[in-house]
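*Asks:* Structure file upload-v3.cif (mmCIF, C-alpha atoms) right here:
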```cif
data_final
loop_
_atom_site.group_PDB
_atom_site.id
_atom_site.type_symbol
_atom_site.label_atom_id
_atom_site.label_comp_id
_atom_site.auth_asym_id
_atom_site.auth_seq_id
_atom_site.Cartn_x
_atom_site.Cartn_y
_atom_site.Cartn_z
ATOM 1 C CA MET A 27 -37.578 -37.710 -18.880
ATOM 2 C CA LYS A 28 -39.915 -35.950 -16.453
ATOM 3 C CA ILE A 29 -43.299 -37.680 -16.343
ATOM 4 C CA LEU A 30 -46.449 -36.370 -14.674
ATOM 5 C CA ILE A 31 -49.278 -38.835 -13.999
ATOM 6 C CA LEU A 32 -52.731 -37.293 -13.683
ATOM 7 C CA GLY A 33 -54.962 -39.338 -11.399
ATOM 8 C CA GLU A 34 -52.088 -40.892 -9.463
ATOM 9 C CA GLU A 35 -54.377 -42.201 -6.703
ATOM 10 C CA GLY A 36 -56.643 -44.118 -9.078
ATOM 11 C CA PHE A 37 -56.310 -47.775 -9.989
ATOM 12 C CA VAL A 38 -54.235 -47.293 -13.154
ATOM 13 C CA GLY A 39 -52.343 -44.212 -11.983
ATOM 14 C CA LYS A 40 -51.167 -45.838 -8.766
ATOM 15 C CA SER A 41 -50.016 -49.022 -10.524
ATOM 16 C CA LEU A 42 -48.256 -47.063 -13.261
ATOM 17 C CA LYS A 43 -46.417 -44.737 -10.886
ATOM 18 C CA LYS A 44 -45.239 -47.662 -8.748
ATOM 19 C CA SER A 45 -43.829 -49.425 -11.829
ATOM 20 C CA PHE A 46 -42.014 -46.300 -13.076
ATOM 21 C CA ILE A 47 -40.458 -45.737 -9.655
ATOM 22 C CA GLU A 48 -39.286 -49.361 -9.474
ATOM 23 C CA ASP A 49 -37.588 -48.968 -12.876
ATOM 24 C CA GLY A 50 -35.827 -45.768 -11.822
ATOM 25 C CA LEU A 51 -35.414 -44.629 -15.442
ATOM 26 C CA HIS A 52 -37.492 -41.450 -15.302
ATOM 27 C CA LYS A 53 -38.334 -38.703 -12.850
ATOM 28 C CA VAL A 54 -41.968 -39.477 -12.075
ATOM 29 C CA SER A 55 -44.483 -37.293 -10.257
ATOM 30 C CA GLY A 56 -48.210 -37.568 -9.845
ATOM 31 C CA VAL A 57 -51.203 -35.448 -8.905
ATOM 32 C CA SER A 58 -54.791 -36.209 -7.979
ATOM 33 C CA LYS A 59 -57.753 -34.655 -6.222
ATOM 34 C CA GLN A 60 -56.707 -36.477 -3.044
ATOM 35 C CA THR A 61 -53.273 -34.856 -3.119
ATOM 36 C CA GLY A 62 -54.524 -31.349 -3.803
ATOM 37 C CA THR A 63 -54.870 -30.984 -7.595
ATOM 38 C CA ASN A 64 -58.426 -30.511 -8.834
ATOM 39 C CA LEU A 65 -58.543 -31.126 -12.576
ATOM 40 C CA LEU A 66 -62.042 -29.623 -12.631
ATOM 41 C CA SER A 67 -60.258 -26.299 -12.086
ATOM 42 C CA TYR A 68 -58.211 -24.858 -14.946
ATOM 43 C CA ASN A 69 -55.977 -22.925 -12.533
ATOM 44 C CA SER A 70 -55.302 -26.007 -10.414
ATOM 45 C CA THR A 71 -54.420 -27.996 -13.558
ATOM 46 C CA LEU A 72 -52.111 -25.249 -14.819
ATOM 47 C CA ASN A 73 -50.440 -24.969 -11.406
ATOM 48 C CA ALA A 74 -49.595 -28.673 -11.497
ATOM 49 C CA LEU A 75 -47.873 -28.282 -14.862
ATOM 50 C CA GLU A 76 -45.955 -25.240 -13.614
ATOM 51 C CA GLU A 77 -44.832 -27.090 -10.475
ATOM 52 C CA TYR A 78 -43.583 -30.274 -12.166
ATOM 53 C CA ASP A 79 -42.674 -28.967 -15.669
ATOM 54 C CA PRO A 80 -43.109 -32.402 -17.304
ATOM 55 C CA ASP A 81 -41.927 -33.652 -20.680
ATOM 56 C CA LEU A 82 -44.774 -36.162 -20.746
ATOM 57 C CA VAL A 83 -48.260 -36.168 -19.195
ATOM 58 C CA ILE A 84 -50.062 -39.492 -18.796
ATOM 59 C CA ASN A 85 -53.757 -38.861 -18.270
ATOM 60 C CA CYS A 86 -55.219 -41.582 -16.033
ATOM 61 C CA ALA A 87 -57.813 -39.263 -14.488
ATOM 62 C CA ALA A 88 -61.525 -40.004 -14.879
ATOM 63 C CA HIS A 89 -64.769 -40.098 -12.929
ATOM 64 C CA VAL A 90 -66.050 -43.552 -13.758
ATOM 65 C CA GLY A 91 -67.808 -46.527 -12.187
ATOM 66 C CA SER A 92 -69.968 -49.534 -12.990
ATOM 67 C CA VAL A 93 -72.697 -49.445 -15.657
ATOM 68 C CA HIS A 94 -75.281 -48.946 -12.908
ATOM 69 C CA TYR A 95 -73.226 -46.184 -11.246
ATOM 70 C CA GLY A 96 -72.984 -44.309 -14.539
ATOM 71 C CA MET A 97 -76.672 -44.640 -15.364
ATOM 72 C CA GLU A 98 -77.606 -43.107 -12.009
ATOM 73 C CA ARG A 99 -75.267 -40.097 -12.477
ATOM 74 C CA PRO A 100 -75.197 -39.268 -16.213
ATOM 75 C CA ALA A 101 -74.964 -35.488 -15.870
ATOM 76 C CA THR A 102 -72.229 -35.624 -13.229
ATOM 77 C CA ILE A 103 -70.238 -38.184 -15.221
ATOM 78 C CA PHE A 104 -70.473 -36.120 -18.407
ATOM 79 C CA HIS A 105 -69.767 -32.722 -16.851
ATOM 80 C CA GLU A 106 -66.818 -33.712 -14.668
ATOM 81 C CA ASN A 107 -65.046 -35.787 -17.298
ATOM 82 C CA MET A 108 -65.574 -33.132 -19.946
ATOM 83 C CA MET A 109 -64.227 -30.384 -17.690
ATOM 84 C CA MET A 110 -61.108 -32.388 -16.872
ATOM 85 C CA VAL A 111 -60.307 -33.026 -20.519
ATOM 86 C CA LEU A 112 -60.880 -29.384 -21.509
ATOM 87 C CA ASN A 113 -58.656 -28.126 -18.687
ATOM 88 C CA ILE A 114 -55.837 -30.598 -19.372
ATOM 89 C CA PHE A 115 -55.509 -29.783 -23.066
ATOM 90 C CA LYS A 116 -55.836 -26.029 -22.569
ATOM 91 C CA ALA A 117 -53.336 -25.974 -19.696
ATOM 92 C CA ILE A 118 -50.756 -27.869 -21.760
ATOM 93 C CA LYS A 119 -51.323 -25.514 -24.680
ATOM 94 C CA ASP A 120 -50.935 -22.435 -22.469
ATOM 95 C CA PHE A 121 -47.959 -23.717 -20.442
ATOM 96 C CA ASN A 122 -45.868 -25.672 -22.937
ATOM 97 C CA PRO A 123 -47.258 -27.197 -26.171
ATOM 98 C CA SER A 124 -44.146 -29.360 -26.531
ATOM 99 C CA ILE A 125 -45.361 -31.559 -23.642
ATOM 100 C CA LYS A 126 -46.342 -34.956 -25.008
ATOM 101 C CA MET A 127 -49.461 -36.786 -23.821
ATOM 102 C CA VAL A 128 -50.707 -40.327 -23.360
ATOM 103 C CA ASN A 129 -54.498 -40.578 -23.019
ATOM 104 C CA LEU A 130 -56.348 -43.681 -21.842
ATOM 105 C CA ILE A 131 -59.755 -44.178 -23.473
ATOM 106 C CA SER A 132 -62.408 -46.779 -22.664
ATOM 107 C CA ASN A 133 -63.671 -49.028 -25.452
ATOM 108 C CA CYS A 134 -67.198 -47.812 -24.661
ATOM 109 C CA VAL A 135 -66.441 -45.123 -27.305
ATOM 110 C CA TYR A 136 -67.257 -47.608 -30.050
ATOM 111 C CA PRO A 137 -70.683 -47.906 -31.709
ATOM 112 C CA ALA A 138 -73.065 -50.069 -29.710
ATOM 113 C CA ASN A 139 -73.623 -52.461 -32.629
ATOM 114 C CA ALA A 140 -69.921 -53.023 -33.435
ATOM 115 C CA GLU A 141 -68.959 -56.673 -33.015
ATOM 116 C CA ILE A 142 -65.237 -56.202 -33.618
ATOM 117 C CA GLN A 143 -64.222 -52.697 -32.582
ATOM 118 C CA SER A 144 -61.942 -51.329 -35.298
ATOM 119 C CA GLU A 145 -60.380 -47.867 -35.073
ATOM 120 C CA SER A 146 -61.467 -47.051 -38.634
ATOM 121 C CA GLU A 147 -65.128 -47.676 -37.750
ATOM 122 C CA MET A 148 -65.293 -45.760 -34.457
ATOM 123 C CA TRP A 149 -67.508 -42.991 -35.808
ATOM 124 C CA GLU A 150 -69.986 -45.228 -37.637
ATOM 125 C CA GLY A 151 -72.626 -45.152 -34.916
ATOM 126 C CA SER A 152 -73.459 -44.048 -31.393
ATOM 127 C CA PRO A 153 -72.053 -45.680 -28.243
ATOM 128 C CA HIS A 154 -74.437 -47.788 -26.166
ATOM 129 C CA PHE A 155 -76.991 -45.627 -24.338
ATOM 130 C CA SER A 156 -75.905 -47.005 -20.945
ATOM 131 C CA ALA A 157 -72.423 -45.495 -21.350
ATOM 132 C CA LEU A 158 -73.192 -42.541 -23.628
ATOM 133 C CA PRO A 159 -72.379 -39.697 -21.167
ATOM 134 C CA TYR A 160 -68.940 -41.123 -20.329
ATOM 135 C CA ALA A 161 -68.251 -42.453 -23.827
ATOM 136 C CA SER A 162 -68.966 -39.047 -25.364
ATOM 137 C CA THR A 163 -66.245 -37.437 -23.251
ATOM 138 C CA ARG A 164 -63.779 -40.160 -24.300
ATOM 139 C CA ARG A 165 -64.615 -39.508 -27.954
ATOM 140 C CA MET A 166 -63.957 -35.824 -27.301
ATOM 141 C CA ILE A 167 -60.402 -36.706 -26.232
ATOM 142 C CA LEU A 168 -59.783 -37.924 -29.778
ATOM 143 C CA ILE A 169 -61.317 -34.813 -31.319
ATOM 144 C CA MET A 170 -59.290 -32.590 -29.010
ATOM 145 C CA ALA A 171 -56.081 -34.535 -29.649
ATOM 146 C CA ASP A 172 -56.511 -33.977 -33.381
ATOM 147 C CA SER A 173 -57.580 -30.335 -32.981
ATOM 148 C CA TYR A 174 -54.767 -29.353 -30.618
ATOM 149 C CA HIS A 175 -52.245 -31.143 -32.813
ATOM 150 C CA ASN A 176 -53.420 -29.289 -35.907
ATOM 151 C CA GLU A 177 -53.487 -25.852 -34.264
ATOM 152 C CA ASN A 178 -50.850 -26.085 -31.506
ATOM 153 C CA ASN A 179 -48.709 -29.076 -32.578
ATOM 154 C CA ILE A 180 -49.413 -30.954 -29.325
ATOM 155 C CA ASN A 181 -48.606 -34.640 -29.763
ATOM 156 C CA SER A 182 -50.615 -37.306 -27.968
ATOM 157 C CA LYS A 183 -50.944 -41.072 -28.001
ATOM 158 C CA ASN A 184 -54.472 -42.316 -27.466
ATOM 159 C CA LEU A 185 -54.858 -45.894 -26.267
ATOM 160 C CA VAL A 186 -58.328 -47.467 -26.362
ATOM 161 C CA LEU A 187 -58.643 -49.984 -23.543
ATOM 162 C CA PRO A 188 -60.741 -53.081 -22.886
ATOM 163 C CA GLY A 189 -62.018 -53.789 -19.355
ATOM 164 C CA ILE A 190 -59.117 -53.398 -16.913
ATOM 165 C CA PHE A 191 -58.800 -55.561 -13.798
ATOM 166 C CA GLY A 192 -56.231 -56.608 -11.245
ATOM 167 C CA PRO A 193 -54.675 -55.960 -7.849
ATOM 168 C CA GLY A 194 -55.066 -52.391 -6.603
ATOM 169 C CA ASN A 195 -58.528 -51.725 -7.994
ATOM 170 C CA HIS A 196 -61.340 -50.192 -5.955
ATOM 171 C CA THR A 197 -63.201 -52.438 -3.544
ATOM 172 C CA ASP A 198 -66.423 -50.364 -3.735
ATOM 173 C CA ILE A 199 -68.725 -52.520 -5.895
ATOM 174 C CA GLU A 200 -70.366 -49.422 -7.410
ATOM 175 C CA ARG A 201 -67.066 -47.850 -8.490
ATOM 176 C CA VAL A 202 -64.925 -50.876 -9.275
ATOM 177 C CA HIS A 203 -64.312 -52.087 -12.825
ATOM 178 C CA ALA A 204 -66.652 -54.910 -13.871
ATOM 179 C CA LEU A 205 -64.435 -57.991 -13.542
ATOM 180 C CA ASP A 206 -62.949 -56.945 -10.197
ATOM 181 C CA GLY A 207 -66.491 -56.387 -8.957
ATOM 182 C CA MET A 208 -67.467 -59.926 -9.942
ATOM 183 C CA ILE A 209 -64.362 -61.388 -8.277
ATOM 184 C CA ILE A 210 -64.985 -59.456 -5.050
ATOM 185 C CA ARG A 211 -68.654 -60.466 -4.886
ATOM 186 C CA MET A 212 -67.865 -64.120 -5.583
ATOM 187 C CA LEU A 213 -65.120 -64.192 -2.940
ATOM 188 C CA LYS A 214 -67.653 -62.820 -0.453
ATOM 189 C CA ALA A 215 -70.188 -65.452 -1.521
ATOM 190 C CA LYS A 216 -67.581 -68.143 -0.923
ATOM 191 C CA LYS A 217 -66.576 -66.691 2.441
ATOM 192 C CA GLU A 218 -70.230 -66.567 3.540
ATOM 193 C CA ASP A 219 -70.830 -70.084 2.157
ATOM 194 C CA LEU A 220 -73.712 -68.909 -0.047
ATOM 195 C CA ASP A 221 -75.450 -71.485 -2.239
ATOM 196 C CA GLU A 222 -75.850 -69.091 -5.183
ATOM 197 C CA PHE A 223 -73.896 -66.300 -6.850
ATOM 198 C CA GLU A 224 -75.879 -63.680 -8.747
ATOM 199 C CA ILE A 225 -74.655 -62.572 -12.174
ATOM 200 C CA TRP A 226 -75.972 -59.122 -13.035
ATOM 201 C CA GLY A 227 -77.728 -59.334 -16.412
ATOM 202 C CA THR A 228 -78.234 -62.137 -18.916
ATOM 203 C CA GLY A 229 -74.595 -63.263 -18.895
ATOM 204 C CA LYS A 230 -74.555 -63.013 -22.707
ATOM 205 C CA PRO A 231 -72.513 -59.832 -23.359
ATOM 206 C CA ILE A 232 -68.982 -60.599 -24.539
ATOM 207 C CA ARG A 233 -66.117 -58.601 -23.082
ATOM 208 C CA GLU A 234 -62.386 -58.363 -23.644
ATOM 209 C CA TRP A 235 -60.309 -57.967 -20.477
ATOM 210 C CA CYS A 236 -56.836 -56.614 -19.784
ATOM 211 C CA TYR A 237 -54.791 -57.335 -16.673
ATOM 212 C CA ILE A 238 -53.386 -54.209 -15.010
ATOM 213 C CA ASP A 239 -49.738 -55.326 -15.358
ATOM 214 C CA ASP A 240 -50.210 -55.689 -19.132
ATOM 215 C CA LEU A 241 -51.711 -52.207 -19.385
ATOM 216 C CA VAL A 242 -48.781 -50.730 -17.459
ATOM 217 C CA LYS A 243 -46.304 -52.448 -19.802
ATOM 218 C CA VAL A 244 -48.125 -51.159 -22.878
ATOM 219 C CA ILE A 245 -48.189 -47.573 -21.578
ATOM 220 C CA LYS A 246 -44.478 -47.684 -20.741
ATOM 221 C CA THR A 247 -43.629 -49.238 -24.113
ATOM 222 C CA SER A 248 -45.670 -46.615 -25.962
ATOM 223 C CA ILE A 249 -43.406 -43.825 -24.709
ATOM 224 C CA ASP A 250 -40.599 -44.871 -27.025
ATOM 225 C CA LEU A 251 -42.773 -45.734 -30.021
ATOM 226 C CA ASP A 252 -43.641 -43.346 -32.806
ATOM 227 C CA PHE A 253 -47.318 -43.320 -33.703
ATOM 228 C CA SER A 254 -49.910 -40.705 -34.557
ATOM 229 C CA ASN A 255 -52.536 -38.821 -32.558
ATOM 230 C CA GLU A 256 -55.170 -41.277 -33.744
ATOM 231 C CA ALA A 257 -56.746 -43.990 -31.598
ATOM 232 C CA VAL A 258 -54.893 -47.275 -31.089
ATOM 233 C CA ASN A 259 -56.642 -50.274 -29.545
ATOM 234 C CA LEU A 260 -54.892 -52.140 -26.751
ATOM 235 C CA ALA A 261 -56.142 -55.473 -28.016
ATOM 236 C CA ASN A 262 -55.675 -59.201 -28.196
ATOM 237 C CA SER A 263 -59.008 -59.835 -29.980
ATOM 238 C CA LYS A 264 -60.176 -62.405 -27.428
ATOM 239 C CA GLY A 265 -63.453 -62.032 -25.579
ATOM 240 C CA TYR A 266 -65.405 -63.962 -22.978
ATOM 241 C CA SER A 267 -69.106 -63.805 -22.219
ATOM 242 C CA ILE A 268 -69.988 -62.568 -18.745
ATOM 243 C CA LEU A 269 -71.218 -66.077 -17.940
ATOM 244 C CA GLU A 270 -67.945 -67.625 -19.179
ATOM 245 C CA THR A 271 -66.001 -65.119 -17.097
ATOM 246 C CA ALA A 272 -68.028 -66.058 -14.025
ATOM 247 C CA GLU A 273 -67.446 -69.769 -14.685
ATOM 248 C CA ILE A 274 -63.675 -69.245 -14.990
ATOM 249 C CA THR A 275 -63.660 -67.165 -11.808
ATOM 250 C CA LYS A 276 -65.707 -69.827 -10.018
ATOM 251 C CA GLU A 277 -63.175 -72.503 -10.987
ATOM 252 C CA VAL A 278 -60.133 -70.384 -10.100
ATOM 253 C CA ILE A 279 -61.354 -69.477 -6.591
ATOM 254 C CA ASN A 280 -63.001 -72.881 -6.047
ATOM 255 C CA TYR A 281 -66.464 -71.515 -5.319
ATOM 256 C CA LYS A 282 -68.951 -74.392 -4.946
ATOM 257 C CA GLY A 283 -72.249 -72.504 -5.293
ATOM 258 C CA ALA A 284 -74.482 -72.210 -8.354
ATOM 259 C CA LEU A 285 -74.430 -69.287 -10.787
ATOM 260 C CA LYS A 286 -77.768 -67.473 -11.076
ATOM 261 C CA LEU A 287 -78.675 -64.829 -13.676
ATOM 262 C CA ASN A 288 -80.502 -61.668 -12.568
ATOM 263 C CA THR A 289 -81.920 -60.299 -15.822
ATOM 264 C CA GLU A 290 -83.338 -57.187 -14.153
ATOM 265 C CA PHE A 291 -79.879 -55.592 -14.493
ATOM 266 C CA GLU A 292 -78.906 -53.756 -17.701
ATOM 267 C CA ASP A 293 -76.469 -55.710 -19.903
ATOM 268 C CA GLY A 294 -74.719 -52.876 -21.719
ATOM 269 C CA ALA A 295 -73.403 -53.392 -25.257
ATOM 270 C CA ALA A 296 -73.679 -56.950 -26.618
ATOM 271 C CA ILE A 297 -70.046 -57.337 -27.732
ATOM 272 C CA LYS A 298 -66.872 -55.439 -26.907
ATOM 273 C CA ILE A 299 -63.884 -57.020 -28.640
ATOM 274 C CA LEU A 300 -61.123 -54.786 -29.968
ATOM 275 C CA ASP A 301 -59.509 -55.306 -33.375
ATOM 276 C CA ASP A 302 -55.806 -55.963 -32.729
ATOM 277 C CA SER A 303 -54.453 -55.311 -36.269
ATOM 278 C CA LYS A 304 -53.109 -51.833 -35.577
ATOM 279 C CA PHE A 305 -51.857 -52.816 -32.107
ATOM 280 C CA LYS A 306 -49.783 -55.662 -33.577
ATOM 281 C CA ARG A 307 -48.277 -53.411 -36.237
ATOM 282 C CA ILE A 308 -47.124 -50.917 -33.591
ATOM 283 C CA PHE A 309 -46.357 -53.107 -30.553
ATOM 284 C CA GLY A 310 -45.435 -56.380 -32.247
ATOM 285 C CA GLU A 311 -46.234 -59.732 -30.618
ATOM 286 C CA PHE A 312 -47.039 -58.481 -27.128
ATOM 287 C CA LYS A 313 -47.363 -61.325 -24.601
ATOM 288 C CA PHE A 314 -50.521 -60.940 -22.506
ATOM 289 C CA THR A 315 -50.888 -62.555 -19.085
ATOM 290 C CA ASP A 316 -52.875 -65.801 -19.110
ATOM 291 C CA PHE A 317 -56.482 -64.951 -18.191
ATOM 292 C CA SER A 318 -56.919 -67.571 -15.466
ATOM 293 C CA GLU A 319 -53.554 -66.667 -13.946
ATOM 294 C CA ALA A 320 -54.516 -63.003 -13.916
ATOM 295 C CA ILE A 321 -57.846 -63.787 -12.210
ATOM 296 C CA SER A 322 -55.998 -65.894 -9.630
ATOM 297 C CA LYS A 323 -53.575 -63.069 -8.795
ATOM 298 C CA THR A 324 -56.456 -60.606 -8.601
ATOM 299 C CA ALA A 325 -58.475 -62.887 -6.335
ATOM 300 C CA GLU A 326 -55.507 -63.305 -3.977
ATOM 301 C CA TYR A 327 -55.260 -59.521 -3.675
ATOM 302 C CA HIS A 328 -58.957 -58.979 -2.983
ATOM 303 C CA LYS A 329 -59.152 -61.964 -0.630
ATOM 304 C CA SER A 330 -56.676 -60.210 1.657
ATOM 305 C CA LEU A 331 -59.024 -57.209 1.918
ATOM 306 C CA ILE A 332 -62.414 -58.817 2.560
#
```
Give the structure from this file in structure tokens form.
*Replies:*
Amino acid sequence: MKILILGEEGFVGKSLKKSFIEDGLHKVSGVSKQTGTNLLSYNSTLNALEEYDPDLVINCAAHVGSVHYGMERPATIFHENMMMVLNIFKAIKDFNPSIKMVNLISNCVYPANAEIQSESEMWEGSPHFSALPYASTRRMILIMADSYHNENNINSKNLVLPGIFGPGNHTDIERVHALDGMIIRMLKAKKEDLDEFEIWGTGKPIREWCYIDDLVKVIKTSIDLDFSNEAVNLANSKGYSILETAEITKEVINYKGALKLNTEFEDGAAIKILDDSKFKRIFGEFKFTDFSEAISKTAEYHKSLI
């Protein structure tokens, strides 16, 4: 199978491409803005499809960052992500509608007041205001997947993800995913022998996390599974408060300072835990990496860079 990864230089794209190449089972190519393909341009997107003629496109491309990064750039986040999605679907339709797709969607698409995020309840409220510009474009992926399937018979798998973390993520605190950002900042606090580590917000929001290696395995497994164009949560239904996450990180890296809450920062949605019922039916008893072990491996990676 010929696979084209969009966003190959990003955190997920780079990890996924590396794993595919190590397996040697498929012909894998990738494109990104850094390597000359601008998904904000329809012609550039179409040219990439014409050059690589893939059987499967895995869309890892997105303009995303921390909660604070997104709140400072709402128009840019909305416009650029919306343009990429529009160009990708249209280019596949125009070039070859038989190309299959895998789309990665953040769990910020769920209603802000949802405690357990179930696929059947996705449209029963608005996403949290802090993520609304980005979340709206992720919801549009689901609408477009359904629309292009109904009119053009394009088949896509749409995985809804919890917070992703692990080796290979950004080191820019503004752009990095939340848990990696906390690990990087706490490693720096330890290195500088600081007495306190600042947690951004109240520490109360509950988040579900997914280690990058587990995400890569799920994406690769999904290729051979038969499921619809509807959303499927990548879920284990286990969440940790931000404060709990900081305490686990503190223990894993052996940081001796105190944890201090800075409540001037926006919390985001109160709870983000994904319902795993549908995931279990499709993927079976998937074995997730132990959380503390995953944090330890992630910390070792970031420690080598700071």
*Asks:* At a cut-off of 12 Å from (-62.1, -31.4, -15.3) in the coordinates of the file, what residues are picked up using all atoms listed in the file, written as a PyMOL selection string?
*Replies:* chain A and resi 32-33+58-59+63-72+85+87-89+102-117+163
*Asks:* Grab the atom CA of A:Glu35 to atom CA of A:Gly62 distance for me, in Å with one decimal place.
*Replies:*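 So the two atoms, atom CA of A:Glu35 and atom CA of A:Gly62, lie 11.2 Å apart.
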*Asks:* Selected by the PyMOL selection byres ((chain A and resi 262-276) around 10) in the shown coordinates: which residues, as a PyMOL selection string?
*Replies:* chain A and resi 142-143+188+204-205+208-209+212-213+216+223-236+259-261+277-287+293+296-303+305-306+311-314+317-318+321-322+325
*Asks:* What would the file look like if the residues just selected were written as a JSON list (two decimals), in the frame of the given file with C-alpha atoms?
*Replies:*
```
[["chain", "number", "residue", "atom", "x", "y", "z"],
["A", 142, "ILE", "CA", -65.24, -56.20, -33.62],
["A", 143, "GLN", "CA", -64.22, -52.70, -32.58],
["A", 188, "PRO", "CA", -60.74, -53.08, -22.89],
["A", 204, "ALA", "CA", -66.65, -54.91, -13.87],
["A", 205, "LEU", "CA", -64.44, -57.99, -13.54],
["A", 208, "MET", "CA", -67.47, -59.93, -9.94],
["A", 209, "ILE", "CA", -64.36, -61.39, -8.28],
["A", 212, "MET", "CA", -67.86, -64.12, -5.58],
["A", 213, "LEU", "CA", -65.12, -64.19, -2.94],
["A", 216, "LYS", "CA", -67.58, -68.14, -0.92],
["A", 223, "PHE", "CA", -73.90, -66.30, -6.85],
["A", 224, "GLU", "CA", -75.88, -63.68, -8.75],
["A", 225, "ILE", "CA", -74.66, -62.57, -12.17],
["A", 226, "TRP", "CA", -75.97, -59.12, -13.04],
["A", 227, "GLY", "CA", -77.73, -59.33, -16.41],
["A", 228, "THR", "CA", -78.23, -62.14, -18.92],
["A", 229, "GLY", "CA", -74.60, -63.26, -18.90],
["A", 230, "LYS", "CA", -74.56, -63.01, -22.71],
["A", 231, "PRO", "CA", -72.51, -59.83, -23.36],
["A", 232, "ILE", "CA", -68.98, -60.60, -24.54],
["A", 233, "ARG", "CA", -66.12, -58.60, -23.08],
["A", 234, "GLU", "CA", -62.39, -58.36, -23.64],
["A", 235, "TRP", "CA", -60.31, -57.97, -20.48],
["A", 236, "CYS", "CA", -56.84, -56.61, -19.78],
["A", 259, "ASN", "CA", -56.64, -50.27, -29.54],
["A", 260, "LEU", "CA", -54.89, -52.14, -26.75],
["A", 261, "ALA", "CA", -56.14, -55.47, -28.02],
["A", 277, "GLU", "CA", -63.18, -72.50, -10.99],
["A", 278, "VAL", "CA", -60.13, -70.38, -10.10],
["A", 279, "ILE", "CA", -61.35, -69.48, -6.59],
["A", 280, "ASN", "CA", -63.00, -72.88, -6.05],
["A", 281, "TYR", "CA", -66.46, -71.52, -5.32],
["A", 282, "LYS", "CA", -68.95, -74.39, -4.95],
["A", 283, "GLY", "CA", -72.25, -72.50, -5.29],
["A", 284, "ALA", "CA", -74.48, -72.21, -8.35],
["A", 285, "LEU", "CA", -74.43, -69.29, -10.79],
["A", 286, "LYS", "CA", -77.77, -67.47, -11.08],
["A", 287, "LEU", "CA", -78.68, -64.83, -13.68],
["A", 293, "ASP", "CA", -76.47, -55.71, -19.90],
["A", 296, "ALA", "CA", -73.68, -56.95, -26.62],
["A", 297, "ILE", "CA", -70.05, -57.34, -27.73],
["A", 298, "LYS", "CA", -66.87, -55.44, -26.91],
["A", 299, "ILE", "CA", -63.88, -57.02, -28.64],
["A", 300, "LEU", "CA", -61.12, -54.79, -29.97],
["A", 301, "ASP", "CA", -59.51, -55.31, -33.38],
["A", 302, "ASP", "CA", -55.81, -55.96, -32.73],
["A", 303, "SER", "CA", -54.45, -55.31, -36.27],
["A", 305, "PHE", "CA", -51.86, -52.82, -32.11],
["A", 306, "LYS", "CA", -49.78, -55.66, -33.58],
["A", 311, "GLU", "CA", -46.23, -59.73, -30.62],
["A", 312, "PHE", "CA", -47.04, -58.48, -27.13],
["A", 313, "LYS", "CA", -47.36, -61.32, -24.60],
["A", 314, "PHE", "CA", -50.52, -60.94, -22.51],
["A", 317, "PHE", "CA", -56.48, -64.95, -18.19],
["A", 318, "SER", "CA", -56.92, -67.57, -15.47],
["A", 321, "ILE", "CA", -57.85, -63.79, -12.21],
["A", 322, "SER", "CA", -56.00, -65.89, -9.63],
["A", 325, "ALA", "CA", -58.48, -62.89, -6.34]]
```
*Asks:* Take atom CA of A:Glu76 and atom CA of A:Asp49 and report the distance between them in Å, one decimal.
*Replies:*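 So the two atoms, atom CA of A:Glu76 and atom CA of A:Asp49, lie 25.2 Å apart.
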*Asks:* Calculated over all atoms listed in the file, which of the candidates A:Gly56, A:Phe46, A:Glu177, A:Ala74 has the smallest distance to A:Glu34?
*Replies:*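 Among the listed residues, the smallest separation from A:Glu34 belongs to A:Gly56.
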*Asks:* Could you tell me how far atom CA of A:Glu77 sits from atom CA of A:Ser45, in Å to one decimal place?
*Replies:*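 Distance between the two atoms: 22.4 Å.
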*Asks:* Measuring between only C-alpha atoms, which one of A:Ile47, A:Cys86, A:Glu256, A:Ala295 shows the shortest distance to A:Ser173?
*Replies:* A:Glu256
*Asks:* Quick one: residues within 9 Å of A:Ile210, all atoms listed in the file counted, chain neighbours fewer than 4 positions away excluded, as a VMD selection string?
*Replies:* chain A and resid 197 199 205 to 206 214 to 215 325 328 to 329 332
*Asks:* Nearest to A:Asn139: which of A:Pro159, A:Gly91, A:Gly310, A:Gly294 is it, counting all atoms listed in the file?
*Replies:*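 Using all atoms listed in the file, the shortest distance to A:Asn139 belongs to A:Gly294.
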*Asks:* Running the PyMOL selection byres ((chain A and resi 138) around 7) on this model by hand, what would come out? Give it as number ranges by chain.
*Replies:* A: 136-137, 139-140, 152-154, 295
*Asks:* Skip A:Val244 itself and residues of its chain fewer than 5 positions away, then list as a list in words all residues within 10 Å of it, counting all atoms listed in the file.
*Replies:*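 Near neighbours after the sequence-gap exclusion: Leu185, Ile238, Asp239, Ile249, Leu260, Phe309 and Phe312 of chain A.
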*Asks:* List the residues selected by the PyMOL selection byres ((chain A and resi 186) around 7) in the file shown, writing them as a list in words.
*Replies:*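 When the PyMOL selection byres ((chain A and resi 186) around 7) is applied to the shown file, the picked residues are Leu130, Ile131, Ser132, Asn133, Asn184, Leu185, Leu187, Ala257, Val258, Asn259 and Leu260 of chain A.
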*Asks:* Calculated over all atoms listed in the file, which of the candidates A:Val135, A:Ile125, A:Leu42, A:Val93 has the smallest distance to A:Ser182?
*Replies:*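 Closest to A:Ser182, using all atoms listed in the file: A:Ile125.
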*Asks:* Considering only C-alpha atoms, can you say which of A:Phe291, A:Trp149, A:Tyr237, A:Phe37 comes closest to A:Arg201?
*Replies:*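 Of A:Phe291, A:Trp149, A:Tyr237, A:Phe37, the one nearest A:Arg201 is A:Phe37, counting only C-alpha atoms.
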*Asks:* When distances are computed from only C-alpha atoms, which of A:Ser124, A:Gln60, A:Ser41, A:Asn176 shows the smallest separation from A:Asp240?
*Replies:*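 Using only C-alpha atoms, A:Asp240 sits closest to A:Ser41.
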